[in-house]
Structure formats: structure tokens, C-alpha cells
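Enquirer: Sharing my_file.txt, compact mmCIF, C-alpha atoms:
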```txt
# COMPACT_ATOMS: atom_id res chain seq x y z
CA MET A 1 -31.59 -24.71 26.60
CA ILE A 2 -30.22 -26.09 23.36
CA PRO A 3 -28.87 -29.64 23.58
CA MET A 4 -25.29 -30.12 22.51
CA GLU A 5 -26.28 -32.75 19.95
CA HIS A 6 -28.05 -30.13 17.84
CA TYR A 7 -24.85 -28.17 17.39
CA LEU A 8 -23.03 -31.40 16.54
CA VAL A 9 -25.63 -32.43 13.96
CA VAL A 10 -25.45 -29.01 12.28
CA SER A 11 -21.67 -29.18 12.12
CA SER A 12 -21.71 -32.72 10.76
CA ILE A 13 -24.13 -31.68 8.01
CA MET A 14 -21.66 -28.91 7.14
CA PHE A 15 -18.79 -31.40 7.23
CA PHE A 16 -20.43 -33.89 4.89
CA ALA A 17 -21.55 -31.15 2.52
CA GLY A 18 -17.85 -30.38 2.28
CA ILE A 19 -17.02 -34.05 1.68
CA TYR A 20 -19.58 -34.17 -1.13
CA GLY A 21 -18.10 -31.04 -2.66
CA CYS A 22 -14.58 -32.43 -2.52
CA ILE A 23 -15.65 -35.54 -4.44
CA ALA A 24 -18.13 -34.13 -6.93
CA ARG A 25 -16.83 -30.69 -7.88
CA LYS A 26 -14.37 -30.09 -10.70
CA ASN A 27 -13.29 -26.50 -10.26
CA LEU A 28 -10.24 -26.21 -8.01
CA LEU A 29 -11.67 -23.17 -6.24
CA ALA A 30 -14.93 -25.03 -5.57
CA ILE A 31 -12.91 -27.83 -3.98
CA LEU A 32 -11.12 -25.26 -1.85
CA ILE A 33 -14.50 -23.84 -0.74
CA SER A 34 -15.51 -27.37 0.31
CA ILE A 35 -12.32 -27.70 2.34
CA GLU A 36 -13.17 -24.43 4.07
CA LEU A 37 -16.57 -25.86 5.02
CA ILE A 38 -14.89 -28.93 6.54
CA LEU A 39 -12.42 -26.85 8.57
CA ASN A 40 -15.19 -24.55 9.76
CA SER A 41 -17.32 -27.44 11.02
CA VAL A 42 -14.35 -28.83 12.94
CA GLU A 43 -13.87 -25.47 14.63
CA ILE A 44 -17.53 -25.38 15.67
CA ASN A 45 -17.07 -28.82 17.21
CA PHE A 46 -14.01 -27.73 19.21
CA SER A 47 -15.78 -24.77 20.75
CA VAL A 48 -19.03 -26.65 21.41
CA PHE A 49 -17.22 -29.44 23.25
CA ASN A 50 -15.29 -26.84 25.22
CA ARG A 51 -18.41 -24.94 26.21
CA TYR A 52 -20.60 -27.85 27.15
CA LEU A 53 -18.22 -30.43 28.59
CA TYR A 54 -15.40 -28.35 30.13
CA PRO A 55 -16.84 -24.87 30.69
CA GLU A 56 -14.14 -23.88 33.19
CA GLN A 57 -11.30 -24.27 30.68
CA MET A 58 -10.67 -22.70 27.29
CA GLU A 59 -8.55 -25.18 25.39
CA GLY A 60 -11.21 -25.76 22.74
CA MET A 61 -11.48 -22.07 22.07
CA PHE A 62 -7.74 -21.80 21.55
CA PHE A 63 -7.76 -24.82 19.25
CA SER A 64 -10.45 -23.04 17.23
CA LEU A 65 -8.38 -19.86 17.12
CA PHE A 66 -5.28 -21.67 15.93
CA GLY A 67 -7.37 -23.65 13.48
CA ILE A 68 -8.73 -20.44 11.97
CA ALA A 69 -5.22 -19.06 11.58
CA VAL A 70 -3.89 -22.28 10.03
CA SER A 71 -6.77 -22.45 7.58
CA ALA A 72 -6.17 -18.83 6.58
CA ALA A 73 -2.53 -19.66 5.84
CA GLU A 74 -3.54 -22.79 3.94
CA THR A 75 -6.04 -20.87 1.82
CA ALA A 76 -3.49 -18.19 0.93
CA VAL A 77 -0.96 -20.74 -0.31
CA ALA A 78 -3.61 -22.78 -2.11
CA ILE A 79 -4.92 -19.73 -3.95
CA ALA A 80 -1.37 -18.78 -4.96
CA ILE A 81 -0.90 -22.28 -6.37
CA ILE A 82 -4.25 -22.15 -8.18
CA ILE A 83 -3.43 -18.80 -9.79
CA ASN A 84 -0.09 -20.18 -10.90
CA ILE A 85 -1.82 -23.24 -12.37
CA TYR A 86 -4.23 -20.97 -14.21
CA ARG A 87 -1.33 -18.99 -15.61
CA ASN A 88 0.29 -22.16 -16.95
CA ALA A 89 -2.72 -24.23 -18.05
CA GLN A 90 -5.33 -21.52 -18.79
CA ASN A 91 -7.99 -23.27 -16.72
CA ILE A 92 -8.50 -24.70 -13.25
CA ASP A 93 -10.59 -27.73 -14.12
CA VAL A 94 -9.22 -30.83 -12.42
CA ARG A 95 -9.89 -33.00 -15.47
CA HIS A 96 -7.51 -30.98 -17.62
CA ILE A 97 -4.69 -30.63 -15.14
CA ASP A 98 -2.81 -33.85 -15.68
CA LYS A 99 0.58 -32.66 -16.82
CA MET A 100 3.40 -31.92 -14.44
CA LYS A 101 5.81 -29.51 -16.06
CA GLY A 102 8.93 -28.08 -14.51
CA MET B 1 -36.65 -18.70 24.19
CA GLY B 2 -35.04 -16.06 22.01
CA THR B 3 -31.80 -18.02 22.14
CA ILE B 4 -33.54 -21.14 20.88
CA ILE B 5 -35.22 -19.33 17.97
CA THR B 6 -31.91 -17.69 17.06
CA PHE B 7 -30.12 -21.01 17.17
CA TYR B 8 -32.58 -22.74 14.86
CA CYS B 9 -32.63 -19.83 12.41
CA LEU B 10 -28.83 -19.85 12.28
CA SER B 11 -28.80 -23.64 11.87
CA ALA B 12 -31.26 -23.51 9.01
CA LEU B 13 -29.18 -20.79 7.36
CA ILE B 14 -26.00 -22.83 7.82
CA ILE B 15 -27.48 -26.04 6.43
CA VAL B 16 -29.14 -24.45 3.40
CA SER B 17 -26.11 -22.31 2.58
CA ALA B 18 -23.64 -25.17 3.01
CA VAL B 19 -25.63 -27.38 0.65
CA MET B 20 -26.01 -24.54 -1.84
CA ALA B 21 -22.30 -23.75 -1.64
CA VAL B 22 -21.38 -27.20 -2.85
CA THR B 23 -24.19 -27.61 -5.40
CA SER B 24 -24.37 -24.15 -6.96
CA LYS B 25 -23.34 -24.08 -10.59
CA ARG B 26 -21.71 -20.67 -10.50
CA ILE B 27 -18.53 -20.45 -8.53
CA LEU B 28 -19.10 -16.86 -7.44
CA ARG B 29 -22.45 -17.83 -5.96
CA ALA B 30 -20.78 -20.69 -4.15
CA ALA B 31 -18.38 -18.19 -2.59
CA THR B 32 -21.32 -16.02 -1.52
CA PHE B 33 -23.02 -18.97 0.14
CA LEU B 34 -19.73 -19.76 1.88
CA LEU B 35 -19.84 -16.20 3.22
CA PHE B 36 -23.32 -16.84 4.64
CA VAL B 37 -22.11 -20.04 6.30
CA LEU B 38 -19.15 -18.24 7.89
CA ILE B 39 -21.27 -15.35 9.21
CA ALA B 40 -23.85 -17.75 10.66
CA THR B 41 -21.01 -19.67 12.30
CA ALA B 42 -19.90 -16.43 13.95
CA GLY B 43 -23.47 -16.17 15.22
CA LEU B 44 -23.19 -19.66 16.72
CA TYR B 45 -20.01 -18.61 18.51
CA LEU B 46 -21.87 -15.63 19.93
CA LEU B 47 -24.61 -17.96 21.16
CA LEU B 48 -21.93 -20.01 22.90
CA ASN B 49 -20.59 -16.81 24.52
CA TYR B 50 -17.27 -16.92 22.70
CA HIS B 51 -17.24 -13.28 21.70
CA PHE B 52 -13.55 -13.09 20.84
CA LEU B 53 -13.84 -16.18 18.66
CA ALA B 54 -16.81 -14.66 16.84
CA ALA B 55 -14.84 -11.47 16.17
CA VAL B 56 -11.89 -13.49 14.88
CA GLN B 57 -14.19 -15.58 12.69
CA LEU B 58 -15.74 -12.48 11.16
CA SER B 59 -12.51 -10.62 10.57
CA VAL B 60 -10.30 -13.49 9.39
CA TYR B 61 -12.77 -15.70 7.55
CA ALA B 62 -15.53 -13.41 6.36
CA GLY B 63 -13.21 -10.46 5.92
CA GLY B 64 -9.94 -11.95 4.73
CA ILE B 65 -10.40 -15.37 3.20
CA LEU B 66 -13.56 -14.45 1.30
CA ILE B 67 -11.81 -11.50 -0.33
CA LEU B 68 -9.00 -13.85 -1.39
CA PHE B 69 -11.57 -16.27 -2.82
CA ILE B 70 -13.41 -13.59 -4.74
CA PHE B 71 -10.20 -12.18 -6.19
CA ALA B 72 -9.08 -15.67 -7.21
CA ILE B 73 -12.46 -16.40 -8.81
CA LEU B 74 -12.42 -13.16 -10.75
CA LEU B 75 -8.83 -13.77 -11.87
CA THR B 76 -9.38 -17.35 -13.00
CA SER B 77 -12.73 -17.28 -14.80
CA PRO B 78 -12.24 -15.23 -17.95
CA LYS B 79 -15.64 -15.55 -19.66
CA GLY B 80 -17.79 -14.85 -16.63
CA ASP B 81 -18.36 -17.81 -14.39
CA ARG B 82 -19.45 -20.56 -16.71
CA THR B 83 -21.22 -23.69 -15.57
CA GLU B 84 -19.27 -26.87 -15.26
CA PRO B 85 -20.85 -30.05 -16.67
CA GLU B 86 -21.61 -32.55 -13.93
CA ASP B 87 -20.17 -36.02 -13.98
CA ARG B 88 -22.93 -38.36 -12.91
CA GLY B 89 -20.67 -41.04 -11.50
CA LYS B 90 -18.78 -38.55 -9.37
CA VAL B 91 -22.01 -37.00 -8.11
CA ALA B 92 -23.43 -40.40 -7.17
CA MET B 93 -20.20 -41.36 -5.44
CA GLY B 94 -20.09 -38.09 -3.51
CA LEU B 95 -23.74 -38.38 -2.49
CA ALA B 96 -23.21 -41.96 -1.31
CA ALA B 97 -20.13 -41.05 0.72
CA ALA B 98 -21.69 -37.94 2.24
CA LEU B 99 -25.08 -39.46 3.07
CA SER B 100 -23.70 -42.68 4.55
CA GLY B 101 -21.17 -40.76 6.61
CA LEU B 102 -23.81 -38.30 7.76
CA VAL B 103 -26.21 -41.06 8.84
CA ILE B 104 -23.50 -42.89 10.79
CA THR B 105 -22.22 -39.71 12.46
CA ALA B 106 -25.68 -38.45 13.36
CA MET B 107 -26.66 -41.82 14.82
CA VAL B 108 -23.51 -42.01 16.94
CA THR B 109 -23.96 -38.41 18.09
CA VAL B 110 -27.58 -38.85 19.09
CA LYS B 111 -27.11 -42.23 20.78
CA HIS B 112 -24.02 -41.29 22.73
CA ILE B 113 -24.42 -40.09 26.31
CA PHE B 114 -22.04 -37.23 26.95
CA LEU B 115 -20.47 -36.70 30.35
CA TYR B 116 -21.58 -33.14 30.97
CA ALA B 117 -19.55 -31.07 33.38
CA ASP B 118 -22.73 -30.34 35.28
CA PRO B 119 -25.82 -32.39 34.57
CA ASN B 120 -27.97 -29.48 33.48
CA PRO B 121 -25.61 -27.19 31.58
CA THR B 122 -26.49 -23.55 31.15
CA VAL B 123 -24.68 -21.76 28.39
CA ALA B 124 -26.39 -18.40 28.51
CA GLY B 125 -25.24 -16.25 31.36
CA ASP B 126 -22.04 -15.20 33.01
CA HIS B 127 -19.63 -17.67 31.41
CA GLU B 128 -18.07 -15.23 29.02
CA ILE B 129 -14.28 -15.31 29.04
CA ASN B 130 -12.93 -11.81 29.39
CA MET B 131 -10.19 -10.46 27.19
CA LYS B 132 -7.65 -10.23 29.99
CA THR B 133 -7.82 -13.97 30.59
CA ILE B 134 -7.45 -14.69 26.88
CA GLY B 135 -4.48 -12.36 26.58
CA HIS B 136 -2.71 -13.85 29.57
CA ALA B 137 -3.32 -17.38 28.26
CA LEU B 138 -1.91 -16.42 24.85
CA MET B 139 1.18 -14.77 26.28
CA GLY B 140 2.15 -17.16 29.06
CA THR B 141 4.53 -20.09 29.11
CA GLU B 142 3.04 -22.15 31.92
CA LYS B 143 0.58 -25.02 31.81
CA TYR B 144 -2.54 -24.23 29.74
CA GLN B 145 -0.84 -21.19 28.25
CA TYR B 146 -0.04 -20.74 24.62
CA LEU B 147 3.00 -18.61 23.91
CA LEU B 148 4.88 -21.30 22.00
CA PRO B 149 2.01 -22.21 19.59
CA PHE B 150 1.38 -18.50 19.10
CA GLU B 151 4.97 -17.88 18.02
CA VAL B 152 5.10 -21.01 15.87
CA LEU B 153 1.94 -19.82 14.17
CA SER B 154 3.48 -16.44 13.46
CA VAL B 155 6.45 -18.21 11.82
CA LEU B 156 3.96 -20.29 9.80
CA LEU B 157 2.22 -17.15 8.60
CA LEU B 158 5.56 -15.63 7.59
CA VAL B 159 6.41 -18.79 5.66
CA CYS B 160 3.03 -18.63 3.94
CA ILE B 161 3.53 -14.99 2.93
CA ILE B 162 6.94 -15.76 1.42
CA GLY B 163 5.68 -18.96 -0.20
CA GLY B 164 2.64 -17.23 -1.64
CA ILE B 165 4.72 -14.47 -3.20
CA PHE B 166 7.28 -16.98 -4.47
CA ILE B 167 4.68 -19.26 -6.05
CA ALA B 168 2.42 -16.62 -7.57
CA ARG B 169 5.03 -14.18 -8.87
CA LYS B 170 5.47 -13.63 -12.58
CA ARG B 171 8.41 -15.39 -14.17
```
Hey, can you dump this file as C-alpha cells for me?
Expert:
Amino acid sequence: MIPMEHYLVVSSIMFFAGIYGCIARKNLLAILISIELILNSVEINFSVFNRYLYPEQMEGMFFSLFGIAVSAAETAVAIAIIINIYRNAQNIDVRHIDKMKG
Amino acid sequence: MGTIITFYCLSALIIVSAVMAVTSKRILRAATFLLFVLIATAGLYLLLNYHFLAAVQLSVYAGGILILFIFAILLTSPKGDRTEPEDRGKVAMGLAAALSGLVITAMVTVKHIFLYADPNPTVAGDHEINMKTIGHALMGTEKYQYLLPFEVLSVLLLVCIIGGIFIARKR
């Protein structure tokens, strides 16, 4: 029987890897990958808490489902924005994107 | 026993791939490691007996989002995927934030005593939610049923489709 804490430690390692990526990376797509890691770890937490603490209900599973759908929508819009930025600025490095043009 | 071995293999895969995904120099490799993380997460859902959630994870994340990422990477890196020079201050700051947060979170998680539903929880076994229950919960309007969020989410997806086309179209 696997203790619940092991799942939680794995998901928090994933979460803080994402935090590190958000701070240290420079490519916009790499930052987006880090955000995906963060969202994914949160969804693991929802379903683990559901399974271990309230096994008769399924609210955590539905929160995970809706979280997956919301993160898919968020990624689609973010990638559209990044492609548009690339078209205007010719790169997606956060250090060079400091001009807001209409 | 097999469950335990599977869990630790999947955990090791998740940890190594997550760290590689944020430290790898090449962005396409980072996306590949993200794919490994997502597939191993689907494995964790299977271990928790959430079969529908594992299928959704595989089809939406590993099937849909990763394709979007790979297309975006190929569209936005003209000369192959070149390495980005690291900024030492940023790396140190990120390491400090991540490690301190991880230590605090892990300590709180391990020290805390959770109120288990039954004192000796068994996950493996007959707890799988069948599809009929999930479908009724998604399509009902009573307590603990999710028709309204489902419909709101479909409107959100429509908005995202229109917004994505509007933002990324050629002018």
C-alpha cells in the first residue's frame, strides 16, 4: 500500500521544477512547458486527495477533468500569442520582447 | 507488490523527466521530456483507478497539447533549436525559490496527519468509478452534478478557438 504522502511529494517536486523553469528559462515556449508541469502536478493532487480522503465521492476527479480542459484552452491561446509575437519580433526570447506595438 | 514497484518506477520517471524538462538546453528535448511526464502521470491515474481520467490525460495532454507544442517549436526556431545562454543570477534565484519551497512543502506534507476516510485505505480493488456514473454526474443538474460547469467549459473552448484564430491569423 503506497502512502498518500509519496504521491504528494512527487507532485510537489514536479510543481517546484515548474517554478524553477518559470524563473530561470528565457524561451517563451520553455516557460509555457513549465506552466504545464505546474498545472499537471495540481491535477495529480486533486485526484490523490479524492482517492485517499473521500473515496466515495468524485469531486476531485471532476476538478482534474475541468483543469485538464482549461489548461488545454490556455495552451492553445498562449501558443497563438507566441506565434504572433514571433511573427512581429522574429524571436521568442523574453529579454528581447520589451516593446509593445499596436 | 507489483503496484508498489510500478509506482516507484513511475515516480522516478516523473521526477527525472520533470527536472530534465526545465533544465534541457534544447527546447524540442524539453517538450519530449514533458511528454514523458504526462504519460507517467496517466500511469499514476491508472494506479489510483481513475481510468477515465487516464484516458483523458493521454488524449488531451499527450495527444493534443504536445502536438501544439511541437508545431509551435518548429515554427518559432528557424535555425534548428539553438541553445540559450544561461543567466547565472536568474538560475540561482530560481534554484533558491524552488528548493526552499520544496523543502517547506515536503516537510509540511510529511509531518501532517491526514484524516483518512478509513484508517487503512486500500486503493487497489473494486473502487473504480464506472462510466455510467461519470456520465450521469456530468449531465445532471442536481447536487454533485456538473452540467453547468460542463457547458461553461464548452463556451470557454469556443472562445479559445475564436481567439486563437483571431490572434494568430495573418494580417
Enquirer: CA of Gln57 in chain A and CA of Phe7 in chain B, how far apart in Å?
Expert: 23.4 Å
Enquirer: Set out as a Markdown table a contact list for chain B and chain A with a cut-off of 7 Å, giving each residue of chain B that qualifies its closest atom pair and distance in Å to one decimal, counting all atoms listed in the file, ordered by chain and rising residue number.
Expert:
```
| residue | atom | partner | partner_atom | distance |
| --- | --- | --- | --- | --- |
| B:Ile4 | CA | A:Ile2 | CA | 6.5 |
| B:Ser11 | CA | A:Val10 | CA | 6.3 |
| B:Ile15 | CA | A:Met14 | CA | 6.5 |
| B:Ala18 | CA | A:Met14 | CA | 5.9 |
| B:Val19 | CA | A:Ala17 | CA | 5.9 |
| B:Val22 | CA | A:Gly21 | CA | 5.1 |
| B:Ile27 | CA | A:Ala30 | CA | 6.5 |
| B:Leu48 | CA | A:Arg51 | CA | 6.9 |
| B:Leu53 | CA | A:Leu65 | CA | 6.8 |
| B:Ile65 | CA | A:Ala72 | CA | 6.4 |
| B:Ala72 | CA | A:Ile79 | CA | 6.7 |
| B:Thr76 | CA | A:Tyr86 | CA | 6.4 |
| B:Lys90 | CA | A:Ala24 | CA | 5.1 |
| B:Val91 | CA | A:Ala24 | CA | 5.0 |
| B:Gly94 | CA | A:Tyr20 | CA | 4.6 |
| B:Leu95 | CA | A:Tyr20 | CA | 6.1 |
| B:Ala98 | CA | A:Phe16 | CA | 5.0 |
| B:Leu102 | CA | A:Phe16 | CA | 6.3 |
| B:Ala106 | CA | A:Val9 | CA | 6.1 |
| B:Thr109 | CA | A:Glu5 | CA | 6.4 |
| B:Val110 | CA | A:Glu5 | CA | 6.3 |
| B:Leu115 | CA | A:Leu53 | CA | 6.9 |
| B:Tyr116 | CA | A:Leu53 | CA | 4.9 |
| B:Ala117 | CA | A:Leu53 | CA | 5.0 |
| B:Pro121 | CA | A:Tyr52 | CA | 6.7 |
| B:Thr122 | CA | A:Met1 | CA | 6.9 |
| B:Leu157 | CA | A:Ala73 | CA | 6.0 |
| B:Cys160 | CA | A:Ala73 | CA | 6.0 |
| B:Gly163 | CA | A:Val77 | CA | 6.9 |
| B:Gly164 | CA | A:Val77 | CA | 5.2 |
| B:Ile167 | CA | A:Ala80 | CA | 6.2 |
| B:Ala168 | CA | A:Ala80 | CA | 5.1 |
```
Enquirer: Write to file, as a tab-separated table (two decimals), keeping the file's coordinate frame, the residues of the selection just made, with C-alpha atoms.
Expert:
```tsv
chain	number	residue	atom	x	y	z
B	4	ILE	CA	-33.54	-21.14	20.88
B	11	SER	CA	-28.80	-23.64	11.87
B	15	ILE	CA	-27.48	-26.04	6.43
B	18	ALA	CA	-23.64	-25.17	3.01
B	19	VAL	CA	-25.63	-27.38	0.65
B	22	VAL	CA	-21.38	-27.20	-2.85
B	27	ILE	CA	-18.53	-20.45	-8.53
B	48	LEU	CA	-21.93	-20.01	22.90
B	53	LEU	CA	-13.84	-16.18	18.66
B	65	ILE	CA	-10.40	-15.37	3.20
B	72	ALA	CA	-9.08	-15.67	-7.21
B	76	THR	CA	-9.38	-17.35	-13.00
B	90	LYS	CA	-18.78	-38.55	-9.37
B	91	VAL	CA	-22.01	-37.00	-8.11
B	94	GLY	CA	-20.09	-38.09	-3.51
B	95	LEU	CA	-23.74	-38.38	-2.49
B	98	ALA	CA	-21.69	-37.94	2.24
B	102	LEU	CA	-23.81	-38.30	7.76
B	106	ALA	CA	-25.68	-38.45	13.36
B	109	THR	CA	-23.96	-38.41	18.09
B	110	VAL	CA	-27.58	-38.85	19.09
B	115	LEU	CA	-20.47	-36.70	30.35
B	116	TYR	CA	-21.58	-33.14	30.97
B	117	ALA	CA	-19.55	-31.07	33.38
B	121	PRO	CA	-25.61	-27.19	31.58
B	122	THR	CA	-26.49	-23.55	31.15
B	157	LEU	CA	2.22	-17.15	8.60
B	160	CYS	CA	3.03	-18.63	3.94
B	163	GLY	CA	5.68	-18.96	-0.20
B	164	GLY	CA	2.64	-17.23	-1.64
B	167	ILE	CA	4.68	-19.26	-6.05
B	168	ALA	CA	2.42	-16.62	-7.57
```
Enquirer: Excluding Leu10 in chain B and its own-chain neighbours fewer than 5 positions away, which residues fall within 8 Å of it when counting only C-alpha atoms? Please give them as number ranges by chain.
Expert: B: 40-41, 43-44
Enquirer: How many Å lie between CA of Val152 in chain B and CA of Thr133 in chain B, rounded to one decimal?
Expert: 20.8 Å
Enquirer: Which residue out of B:Leu66, B:Glu86, B:Leu58, B:Ala42 has the minimum interatomic distance to Ser24 in chain B when only C-alpha atoms are used?
Expert: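 Among the listed residues, the smallest separation from Ser24 in chain B belongs to B:Glu86.
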Enquirer: Would you mind reading off the distance between CA of Ala89 in chain A and CA of Ile67 in chain B, one decimal, in Å?
Expert: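 That distance, rounded to one decimal, is 23.6 Å.
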Enquirer: Rank nothing, just name the residue among B:Thr32, B:Phe71, B:Tyr45, B:Gln145 nearest to Asn45 in chain A, using all atoms listed in the file.
Expert: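 Checking each candidate against Asn45 in chain A, we get B:Tyr45 as the closest.
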Enquirer: Show which residues sit within 8 Å of Leu147 in chain B, as a list in words. Count only C-alpha atoms, and ignore same-chain residues fewer than 5 positions away.
Expert: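 Residues near the query, excluding close chain neighbours: Ala137, Leu138, Met139, Gly140 and Thr141 of chain B.
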Enquirer: Could I get range 65-91 of chain A rebuilt with N, CA and C atoms, written as a PDB file, in the coordinates of the input?
Expert:
```
ATOM      1  N   LEU A  65      -9.136 -21.035  17.581  1.00  0.00           N
ATOM      2  CA  LEU A  65      -8.380 -19.860  17.120  1.00  0.00           C
ATOM      3  C   LEU A  65      -7.217 -20.278  16.243  1.00  0.00           C
ATOM      4  N   PHE A  66      -6.428 -21.248  16.720  1.00  0.00           N
ATOM      5  CA  PHE A  66      -5.280 -21.670  15.930  1.00  0.00           C
ATOM      6  C   PHE A  66      -5.718 -22.344  14.636  1.00  0.00           C
ATOM      7  N   GLY A  67      -6.856 -23.042  14.703  1.00  0.00           N
ATOM      8  CA  GLY A  67      -7.370 -23.650  13.480  1.00  0.00           C
ATOM      9  C   GLY A  67      -7.757 -22.616  12.448  1.00  0.00           C
ATOM     10  N   ILE A  68      -8.371 -21.516  12.904  1.00  0.00           N
ATOM     11  CA  ILE A  68      -8.730 -20.440  11.970  1.00  0.00           C
ATOM     12  C   ILE A  68      -7.484 -19.864  11.329  1.00  0.00           C
ATOM     13  N   ALA A  69      -6.438 -19.657  12.145  1.00  0.00           N
ATOM     14  CA  ALA A  69      -5.220 -19.060  11.580  1.00  0.00           C
ATOM     15  C   ALA A  69      -4.560 -20.018  10.595  1.00  0.00           C
ATOM     16  N   VAL A  70      -4.511 -21.312  10.944  1.00  0.00           N
ATOM     17  CA  VAL A  70      -3.890 -22.280  10.030  1.00  0.00           C
ATOM     18  C   VAL A  70      -4.666 -22.377   8.732  1.00  0.00           C
ATOM     19  N   SER A  71      -6.011 -22.333   8.817  1.00  0.00           N
ATOM     20  CA  SER A  71      -6.770 -22.450   7.580  1.00  0.00           C
ATOM     21  C   SER A  71      -6.626 -21.196   6.732  1.00  0.00           C
ATOM     22  N   ALA A  72      -6.432 -20.036   7.367  1.00  0.00           N
ATOM     23  CA  ALA A  72      -6.170 -18.830   6.580  1.00  0.00           C
ATOM     24  C   ALA A  72      -4.859 -18.968   5.817  1.00  0.00           C
ATOM     25  N   ALA A  73      -3.819 -19.473   6.501  1.00  0.00           N
ATOM     26  CA  ALA A  73      -2.530 -19.660   5.840  1.00  0.00           C
ATOM     27  C   ALA A  73      -2.650 -20.651   4.689  1.00  0.00           C
ATOM     28  N   GLU A  74      -3.365 -21.757   4.958  1.00  0.00           N
ATOM     29  CA  GLU A  74      -3.540 -22.790   3.940  1.00  0.00           C
ATOM     30  C   GLU A  74      -4.266 -22.244   2.709  1.00  0.00           C
ATOM     31  N   THR A  75      -5.304 -21.432   2.944  1.00  0.00           N
ATOM     32  CA  THR A  75      -6.040 -20.870   1.820  1.00  0.00           C
ATOM     33  C   THR A  75      -5.172 -19.925   0.996  1.00  0.00           C
ATOM     34  N   ALA A  76      -4.338 -19.128   1.684  1.00  0.00           N
ATOM     35  CA  ALA A  76      -3.490 -18.190   0.930  1.00  0.00           C
ATOM     36  C   ALA A  76      -2.552 -18.936   0.013  1.00  0.00           C
ATOM     37  N   VAL A  77      -1.893 -19.988   0.536  1.00  0.00           N
ATOM     38  CA  VAL A  77      -0.960 -20.740  -0.310  1.00  0.00           C
ATOM     39  C   VAL A  77      -1.703 -21.467  -1.418  1.00  0.00           C
ATOM     40  N   ALA A  78      -2.867 -22.038  -1.095  1.00  0.00           N
ATOM     41  CA  ALA A  78      -3.610 -22.780  -2.110  1.00  0.00           C
ATOM     42  C   ALA A  78      -4.047 -21.865  -3.233  1.00  0.00           C
ATOM     43  N   ILE A  79      -4.471 -20.637  -2.893  1.00  0.00           N
ATOM     44  CA  ILE A  79      -4.920 -19.730  -3.950  1.00  0.00           C
ATOM     45  C   ILE A  79      -3.734 -19.275  -4.794  1.00  0.00           C
ATOM     46  N   ALA A  80      -2.562 -19.106  -4.169  1.00  0.00           N
ATOM     47  CA  ALA A  80      -1.370 -18.780  -4.960  1.00  0.00           C
ATOM     48  C   ALA A  80      -1.068 -19.902  -5.944  1.00  0.00           C
ATOM     49  N   ILE A  81      -1.157 -21.150  -5.477  1.00  0.00           N
ATOM     50  CA  ILE A  81      -0.900 -22.280  -6.370  1.00  0.00           C
ATOM     51  C   ILE A  81      -1.925 -22.318  -7.496  1.00  0.00           C
ATOM     52  N   ILE A  82      -3.206 -22.069  -7.160  1.00  0.00           N
ATOM     53  CA  ILE A  82      -4.250 -22.150  -8.180  1.00  0.00           C
ATOM     54  C   ILE A  82      -4.049 -21.064  -9.248  1.00  0.00           C
ATOM     55  N   ILE A  83      -3.667 -19.868  -8.808  1.00  0.00           N
ATOM     56  CA  ILE A  83      -3.430 -18.800  -9.790  1.00  0.00           C
ATOM     57  C   ILE A  83      -2.251 -19.149 -10.686  1.00  0.00           C
ATOM     58  N   ASN A  84      -1.233 -19.765 -10.091  1.00  0.00           N
ATOM     59  CA  ASN A  84      -0.090 -20.180 -10.900  1.00  0.00           C
ATOM     60  C   ASN A  84      -0.485 -21.270 -11.905  1.00  0.00           C
ATOM     61  N   ILE A  85      -1.328 -22.208 -11.462  1.00  0.00           N
ATOM     62  CA  ILE A  85      -1.820 -23.240 -12.370  1.00  0.00           C
ATOM     63  C   ILE A  85      -2.605 -22.609 -13.512  1.00  0.00           C
ATOM     64  N   TYR A  86      -3.447 -21.624 -13.167  1.00  0.00           N
ATOM     65  CA  TYR A  86      -4.230 -20.970 -14.210  1.00  0.00           C
ATOM     66  C   TYR A  86      -3.334 -20.265 -15.210  1.00  0.00           C
ATOM     67  N   ARG A  87      -2.241 -19.691 -14.702  1.00  0.00           N
ATOM     68  CA  ARG A  87      -1.330 -18.990 -15.610  1.00  0.00           C
ATOM     69  C   ARG A  87      -0.669 -19.972 -16.572  1.00  0.00           C
ATOM     70  N   ASN A  88      -0.388 -21.189 -16.091  1.00  0.00           N
ATOM     71  CA  ASN A  88       0.290 -22.160 -16.950  1.00  0.00           C
ATOM     72  C   ASN A  88      -0.666 -22.949 -17.835  1.00  0.00           C
ATOM     73  N   ALA A  89      -1.845 -23.322 -17.324  1.00  0.00           N
ATOM     74  CA  ALA A  89      -2.720 -24.230 -18.050  1.00  0.00           C
ATOM     75  C   ALA A  89      -3.955 -23.567 -18.607  1.00  0.00           C
ATOM     76  N   GLN A  90      -4.188 -22.294 -18.296  1.00  0.00           N
ATOM     77  CA  GLN A  90      -5.330 -21.520 -18.790  1.00  0.00           C
ATOM     78  C   GLN A  90      -6.683 -21.994 -18.277  1.00  0.00           C
ATOM     79  N   ASN A  91      -6.723 -22.997 -17.418  1.00  0.00           N
ATOM     80  CA  ASN A  91      -7.990 -23.270 -16.720  1.00  0.00           C
ATOM     81  C   ASN A  91      -7.685 -23.963 -15.405  1.00  0.00           C
TER      82      ASN A  91
END
```
